[in-house]
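I have placed the structure first, in the form of structure tokens, so that the comments after it can refer back to it.
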Amino acid sequence: MKNQFTTDVYYTPIQMKIPVDLEKIIEISDPIYTFNELMNKIDLKKYFVGKGNRMGRPRFDSIKMLKIILFAFMDNGYASVRNIEKLCKTDIRFIWLLDGTEAPTHMTVSNFINDYLIDGIQNVFNDINKVIFEAENVDLNHVYIDGTKIEANANKYTWVWKKACITSRNRVFTYLTQLINEINQNDLMLHNVEIGTRDEYTVEYCEYILKQYTKLLSINTSSFVHGSGKRKTPVQRHYEKLEEYIKRLKKYSTHIKTCGETRNSYSKTDHDATFMRIKRDYMGNDQLLPAYNLQLGICDEYIAVLDVKQYASDMDCFVPLMERFKETYGFYPEYPVADAGYGSYNNYLYCEQTGMKKYMKFTMFKKETTDKKYKNDEFRAANFKSNEAGDLICPNGRKFIYLYDKPVRGNKYGRTEEYYQCEDCSDCPYSEKCRKGTNNRTIRMNEELTAIHKEVIENLESTQGALLRMNRSIQAEGAYGIIKWDRAYKRARRRGLKSVIFEFTAICCGFNLYKYHLKKQKALLAA
């Protein structure tokens, strides 16, 4: 009888044939072609000059490795080394870029980034921009500036506060003085020796005291007792306290040195990260988080210049960003357009010195231009009139008398504010509207800054200024919208300032490459 149930299978369920020419299965509109065409216009060998092979196996092809890393950042926004390894094994476009070379491991990619790209990514970014800007005829005289803060790859509760360390260090100085006086009275009096006290103590001086104290009293630490039921001698207690204070001084000195002069905090798990307030406050309690301040300068929708800073204030980021622009392109932009976070006396004077026009808002710009009640308030010091002698006169006709000048904290150009006081505010009918308290009203003025604010308002309220402000909100904030939301780069993946600069610069390279591809495709459709 014939068997009706045959279990033998004589075919393969899934058969795939990949053509020899991979270009046949990659769409003509794919960004890989734009990327490869642009990268072929750059001499990529110059980035690897002087980097010979080490002993052992030969290195991976550096040019191919650079291409797959940049294309991964172009296509994905941010790409981890393990993701790049996976793409090289599964994505047909990366296989085409490798051109028969075996896919690299994630460690090979990581070593290549650490050896070549961490220090040289800025040159790659500049060369890519040079090709794009020449092809697109990008206007570099109008730069739209904006910044954002992203959370660092660091633990949230690992803060170190510089001011707290200074306070604790000063407390240790007081304890050291008390301990030294106690040692002089109880231990060293018989030896006719006295240790000198100071207001502040260095670690080296304290270690010298400990060494001499041990030598004079012939202290043997092996004879010290520990544990419950043991009674320590006064010499052992003094010795251990001195050791403890030295350890604390070393710890506080390390913390203060790590913070440096420009920062007030840092994270223990990423020493380059500073605690800042960021918009993405998922804790919901306005908590400070370890973060970096990212800065961008946009020209015709392309990122022309970038920077990563460790301090929260955008005002302090303007000058370094413009200096980087000058170093890259050889000149300063004529129109740097920025929001109210950048408008300061220092930055306005810097613009005057470098020939840039003042198109950065100041803190009270919106209130000055939209709130008519505030702008025309006759009790504002800026609206006070002057008499023939040049003295300020209040709405009640009383004169303000000059008191003194006071330098402004943190100013680099010697800015001072003049303080004036009304000669007599008694029996004034406008007292409730004009002053607070019972004393004569005191005001502070800076005529030069007031004149600069008027110039900025005139610039930004003009037709050209309105167009520039609109373009800034579209281009600068739009670039961050693409990077942070479309490409999901909301938190740094690497630790350390140099590593964060690399990954942000690589993301900006990918941003410009993809923007160039989209514009090229749009031009082809229009044609």
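Labels used: A, B, ... for chains in the order of the structure tokens, numbers from 1 for residues in each chain, and numbers from 1 for ligands as shown.
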
Name the residues of range 47-230 of chain A that fall into strand (DSSP E) according to DSSP on the backbone, using the chain letters and numbers of this document, as a compact mmCIF listing (two decimals) with C-alpha atoms, in the first residue's frame.
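So the final result, stored in out.txt, reads:
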# COMPACT_ATOMS: atom_id res chain seq x y z
CA HIS A 142 24.33 85.97 9.16
CA VAL A 143 24.76 83.55 12.08
CA TYR A 144 21.78 82.43 14.14
CA ILE A 145 22.94 81.43 17.61
CA ASP A 146 21.23 79.33 20.23
CA GLY A 147 22.16 76.99 23.05
CA THR A 148 20.65 74.09 24.94
CA LYS A 149 21.58 71.99 27.94
CA ILE A 150 21.61 68.20 27.79
CA GLU A 151 21.98 65.86 30.72
CA TRP A 159 27.31 66.39 43.16
CA VAL A 160 30.28 68.20 44.68
CA TRP A 161 29.71 71.86 45.54

Compile the contact shell of range 165-172 of chain A as number ranges by chain: residues with an atom at most 7 Å away, counting only C-alpha atoms, same-chain residues fewer than 5 positions apart removed. A: 245, 249, 252, 256

N, CA and C atoms of the current selection, written as a CSV table (one decimal), in the first residue's frame:
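Generated output (result-v6.csv):
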chain,number,residue,atom,x,y,z
A,245,TYR,N,42.5,65.1,59.7
A,245,TYR,CA,42.4,66.4,59.1
A,245,TYR,C,43.2,66.5,57.8
A,249,LEU,N,41.7,67.6,54.3
A,249,LEU,CA,42.2,68.7,53.5
A,249,LEU,C,42.6,68.2,52.1
A,252,TYR,N,39.2,67.9,50.1
A,252,TYR,CA,38.7,69.2,49.7
A,252,TYR,C,39.5,69.9,48.7
A,256,ILE,N,38.1,71.2,45.0
A,256,ILE,CA,38.2,72.6,44.6
A,256,ILE,C,39.0,72.7,43.3

Identify which of the residues A:Asp270, A:Glu327, A:Glu182, A:Glu194 lies closest to Tyr239 in chain A, counting only C-alpha atoms when measuring atom-to-atom distances.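 Smallest distance to Tyr239 in chain A is found for A:Glu182.
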
As a ChimeraX atom specification, please: every residue in range 25-144 of chain A that a backbone DSSP assignment puts in helix (DSSP H, G or I). /A:25,31-39,44-48,62-76,81-90,92-98,106-136

Find the residues around Ser110 in chain A up to 12 Å (only C-alpha atoms counted), leave out those fewer than 2 positions away in its own chain, and share them as a PDB file with N, CA, C and O atoms, in the first residue's frame.
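What landed in out.pdb:
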ATOM      1  N   MET A  65      36.595  52.957   7.516  1.00  0.00           N
ATOM      2  CA  MET A  65      36.084  53.083   8.878  1.00  0.00           C
ATOM      3  C   MET A  65      35.505  54.479   9.114  1.00  0.00           C
ATOM      4  O   MET A  65      34.417  54.628   9.705  1.00  0.00           O
ATOM      5  N   LEU A  66      36.197  55.512   8.647  1.00  0.00           N
ATOM      6  CA  LEU A  66      35.693  56.877   8.792  1.00  0.00           C
ATOM      7  C   LEU A  66      34.365  57.041   8.071  1.00  0.00           C
ATOM      8  O   LEU A  66      33.427  57.671   8.584  1.00  0.00           O
ATOM      9  N   ILE A  69      31.427  55.313   9.975  1.00  0.00           N
ATOM     10  CA  ILE A  69      31.066  56.034  11.201  1.00  0.00           C
ATOM     11  C   ILE A  69      30.276  57.292  10.858  1.00  0.00           C
ATOM     12  O   ILE A  69      29.210  57.557  11.446  1.00  0.00           O
ATOM     13  N   ALA A  79      24.825  57.158  16.732  1.00  0.00           N
ATOM     14  CA  ALA A  79      25.042  55.726  16.517  1.00  0.00           C
ATOM     15  C   ALA A  79      26.088  55.235  17.518  1.00  0.00           C
ATOM     16  O   ALA A  79      27.196  55.774  17.576  1.00  0.00           O
ATOM     17  N   SER A  80      25.736  54.229  18.296  1.00  0.00           N
ATOM     18  CA  SER A  80      26.686  53.618  19.213  1.00  0.00           C
ATOM     19  C   SER A  80      27.609  52.678  18.439  1.00  0.00           C
ATOM     20  O   SER A  80      27.319  52.289  17.301  1.00  0.00           O
ATOM     21  N   VAL A  81      28.715  52.296  19.051  1.00  0.00           N
ATOM     22  CA  VAL A  81      29.671  51.429  18.365  1.00  0.00           C
ATOM     23  C   VAL A  81      29.073  50.047  18.103  1.00  0.00           C
ATOM     24  O   VAL A  81      29.351  49.415  17.075  1.00  0.00           O
ATOM     25  N   ARG A  82      28.226  49.570  19.009  1.00  0.00           N
ATOM     26  CA  ARG A  82      27.590  48.268  18.786  1.00  0.00           C
ATOM     27  C   ARG A  82      26.559  48.350  17.672  1.00  0.00           C
ATOM     28  O   ARG A  82      26.376  47.404  16.900  1.00  0.00           O
ATOM     29  N   ASN A  83      25.887  49.493  17.577  1.00  0.00           N
ATOM     30  CA  ASN A  83      24.934  49.677  16.484  1.00  0.00           C
ATOM     31  C   ASN A  83      25.660  49.750  15.139  1.00  0.00           C
ATOM     32  O   ASN A  83      25.176  49.213  14.129  1.00  0.00           O
ATOM     33  N   ILE A  84      26.827  50.386  15.109  1.00  0.00           N
ATOM     34  CA  ILE A  84      27.616  50.447  13.874  1.00  0.00           C
ATOM     35  C   ILE A  84      28.057  49.054  13.457  1.00  0.00           C
ATOM     36  O   ILE A  84      28.020  48.697  12.271  1.00  0.00           O
ATOM     37  N   GLU A  85      28.476  48.249  14.424  1.00  0.00           N
ATOM     38  CA  GLU A  85      28.862  46.863  14.121  1.00  0.00           C
ATOM     39  C   GLU A  85      27.684  46.098  13.510  1.00  0.00           C
ATOM     40  O   GLU A  85      27.839  45.378  12.507  1.00  0.00           O
ATOM     41  N   PRO A 104      33.726  45.389  10.836  1.00  0.00           N
ATOM     42  CA  PRO A 104      34.531  45.567  12.053  1.00  0.00           C
ATOM     43  C   PRO A 104      33.729  45.233  13.299  1.00  0.00           C
ATOM     44  O   PRO A 104      32.493  45.324  13.317  1.00  0.00           O
ATOM     45  N   THR A 105      34.395  44.860  14.354  1.00  0.00           N
ATOM     46  CA  THR A 105      33.743  44.642  15.646  1.00  0.00           C
ATOM     47  C   THR A 105      33.542  45.993  16.342  1.00  0.00           C
ATOM     48  O   THR A 105      34.126  47.008  15.947  1.00  0.00           O
ATOM     49  N   HIS A 106      32.753  45.988  17.378  1.00  0.00           N
ATOM     50  CA  HIS A 106      32.499  47.242  18.095  1.00  0.00           C
ATOM     51  C   HIS A 106      33.773  47.746  18.777  1.00  0.00           C
ATOM     52  O   HIS A 106      33.967  48.965  18.912  1.00  0.00           O
ATOM     53  N   MET A 107      34.654  46.863  19.192  1.00  0.00           N
ATOM     54  CA  MET A 107      35.905  47.305  19.801  1.00  0.00           C
ATOM     55  C   MET A 107      36.825  47.947  18.777  1.00  0.00           C
ATOM     56  O   MET A 107      37.542  48.903  19.079  1.00  0.00           O
ATOM     57  N   THR A 108      36.802  47.448  17.548  1.00  0.00           N
ATOM     58  CA  THR A 108      37.592  48.067  16.486  1.00  0.00           C
ATOM     59  C   THR A 108      37.094  49.482  16.215  1.00  0.00           C
ATOM     60  O   THR A 108      37.896  50.420  16.060  1.00  0.00           O
ATOM     61  N   PHE A 112      39.209  52.947  17.007  1.00  0.00           N
ATOM     62  CA  PHE A 112      39.434  53.908  15.925  1.00  0.00           C
ATOM     63  C   PHE A 112      38.982  55.309  16.346  1.00  0.00           C
ATOM     64  O   PHE A 112      39.672  56.298  16.093  1.00  0.00           O
ATOM     65  N   ILE A 113      37.831  55.396  16.999  1.00  0.00           N
ATOM     66  CA  ILE A 113      37.333  56.697  17.464  1.00  0.00           C
ATOM     67  C   ILE A 113      38.294  57.302  18.479  1.00  0.00           C
ATOM     68  O   ILE A 113      38.630  58.491  18.401  1.00  0.00           O
ATOM     69  N   ASN A 114      38.764  56.503  19.422  1.00  0.00           N
ATOM     70  CA  ASN A 114      39.657  57.017  20.463  1.00  0.00           C
ATOM     71  C   ASN A 114      41.023  57.416  19.904  1.00  0.00           C
ATOM     72  O   ASN A 114      41.636  58.383  20.369  1.00  0.00           O
ATOM     73  N   ASP A 115      41.518  56.682  18.901  1.00  0.00           N
ATOM     74  CA  ASP A 115      42.854  56.943  18.363  1.00  0.00           C
ATOM     75  C   ASP A 115      42.875  58.083  17.354  1.00  0.00           C
ATOM     76  O   ASP A 115      43.866  58.815  17.267  1.00  0.00           O
ATOM     77  N   TYR A 116      41.793  58.222  16.572  1.00  0.00           N
ATOM     78  CA  TYR A 116      41.819  59.169  15.457  1.00  0.00           C
ATOM     79  C   TYR A 116      40.811  60.313  15.578  1.00  0.00           C
ATOM     80  O   TYR A 116      41.152  61.465  15.328  1.00  0.00           O
ATOM     81  N   LEU A 117      39.582  60.002  15.953  1.00  0.00           N
ATOM     82  CA  LEU A 117      38.510  60.973  15.777  1.00  0.00           C
ATOM     83  C   LEU A 117      38.281  61.882  16.967  1.00  0.00           C
ATOM     84  O   LEU A 117      37.768  62.994  16.786  1.00  0.00           O
ATOM     85  N   ILE A 118      38.614  61.467  18.170  1.00  0.00           N
ATOM     86  CA  ILE A 118      38.335  62.319  19.335  1.00  0.00           C
ATOM     87  C   ILE A 118      39.063  63.647  19.201  1.00  0.00           C
ATOM     88  O   ILE A 118      38.511  64.693  19.525  1.00  0.00           O
ATOM     89  N   ARG A 494      28.462  59.590  26.190  1.00  0.00           N
ATOM     90  CA  ARG A 494      29.836  59.389  26.652  1.00  0.00           C
ATOM     91  C   ARG A 494      30.120  60.285  27.844  1.00  0.00           C
ATOM     92  O   ARG A 494      29.402  61.248  28.099  1.00  0.00           O
ATOM     93  N   SER A 499      34.996  63.606  24.955  1.00  0.00           N
ATOM     94  CA  SER A 499      34.131  62.601  24.345  1.00  0.00           C
ATOM     95  C   SER A 499      32.780  63.196  23.959  1.00  0.00           C
ATOM     96  O   SER A 499      32.214  62.850  22.915  1.00  0.00           O
TER      97      SER A 499
END

Just how far from CA of Lys454 in chain A is CA of Tyr345 in chain A, in Å to one decimal?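 We find that CA of Tyr345 in chain A and CA of Lys454 in chain A lie 12.9 Å from each other.
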
For Asp75 in chain A: contacts at 12 Å, only C-alpha atoms, fewer than 6 positions along chain excluded, given as a list in words: Asp30, Pro31, Ile32, Thr34, Phe35, Lys67, Ile68, Ile69, Asn83, Ile84, Leu87, Asp91, Arg93, Phe94, Asp486, Arg487, Ala506, Ile507, Cys508, Cys509, Gly510, Phe511, Asn512, Leu513, Tyr514, Lys515 and His517 of chain A

Distance query Arg398 in chain A at most 8 Å, only C-alpha atoms, self and fewer than 2 positions along chain excluded, as a VMD selection string: chain A and resid 393 to 396 400 422 to 424

Extract, using only C-alpha atoms, all DNA, RNA and protein residues at most 8 Å from range 301-308 of chain A, discarding same-chain residues fewer than 2 positions from it, and format them as a PyMOL selection string. chain A and resi 129+140+292-299+310+321+324-325+475-476+479+497+500-501+505+508+511-512+515

Those same residues - C-alpha atoms - I'd like them written as a PDB file, in the first residue's frame.
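As written to disk, result_27.pdb reads:
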ATOM      1  CA  ASN A 129      31.313  72.201   5.662  1.00  0.00           C
ATOM      2  CA  LEU A 140      28.325  83.216   6.562  1.00  0.00           C
ATOM      3  CA  TYR A 292      26.688  70.245  29.359  1.00  0.00           C
ATOM      4  CA  ASN A 293      25.811  73.462  27.529  1.00  0.00           C
ATOM      5  CA  LEU A 294      25.690  72.902  23.750  1.00  0.00           C
ATOM      6  CA  GLN A 295      26.101  75.917  21.463  1.00  0.00           C
ATOM      7  CA  LEU A 296      25.305  76.182  17.739  1.00  0.00           C
ATOM      8  CA  GLY A 297      25.759  78.860  15.088  1.00  0.00           C
ATOM      9  CA  ILE A 298      23.510  78.264  12.056  1.00  0.00           C
ATOM     10  CA  CYS A 299      24.042  79.727   8.568  1.00  0.00           C
ATOM     11  CA  GLN A 310      30.719  73.397  31.173  1.00  0.00           C
ATOM     12  CA  LEU A 321      31.732  80.616  19.966  1.00  0.00           C
ATOM     13  CA  ARG A 324      35.868  79.605  17.093  1.00  0.00           C
ATOM     14  CA  PHE A 325      33.984  80.995  14.092  1.00  0.00           C
ATOM     15  CA  GLN A 475      16.745  77.866  11.927  1.00  0.00           C
ATOM     16  CA  ALA A 476      18.523  77.739  15.299  1.00  0.00           C
ATOM     17  CA  ALA A 479      18.114  72.568  14.325  1.00  0.00           C
ATOM     18  CA  LEU A 497      34.262  66.829  27.849  1.00  0.00           C
ATOM     19  CA  VAL A 500      30.974  64.744  24.465  1.00  0.00           C
ATOM     20  CA  ILE A 501      32.548  67.188  21.993  1.00  0.00           C
ATOM     21  CA  THR A 505      30.435  67.198  16.460  1.00  0.00           C
ATOM     22  CA  CYS A 508      26.452  67.917  13.565  1.00  0.00           C
ATOM     23  CA  PHE A 511      23.011  66.823  10.383  1.00  0.00           C
ATOM     24  CA  ASN A 512      24.756  68.883   7.692  1.00  0.00           C
ATOM     25  CA  LYS A 515      20.426  68.492   5.162  1.00  0.00           C
TER      26      LYS A 515
END

Between CA of Glu368 in chain A and CA of Gln421 in chain A, what is the distance in Å, rounded to a tenth?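 Separation of CA of Glu368 in chain A and CA of Gln421 in chain A: 24.4 Å.
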
Please report the interatomic distance between CA of Gln521 in chain A and CA of Leu44 in chain A in Å with one decimal. 25.2 Å
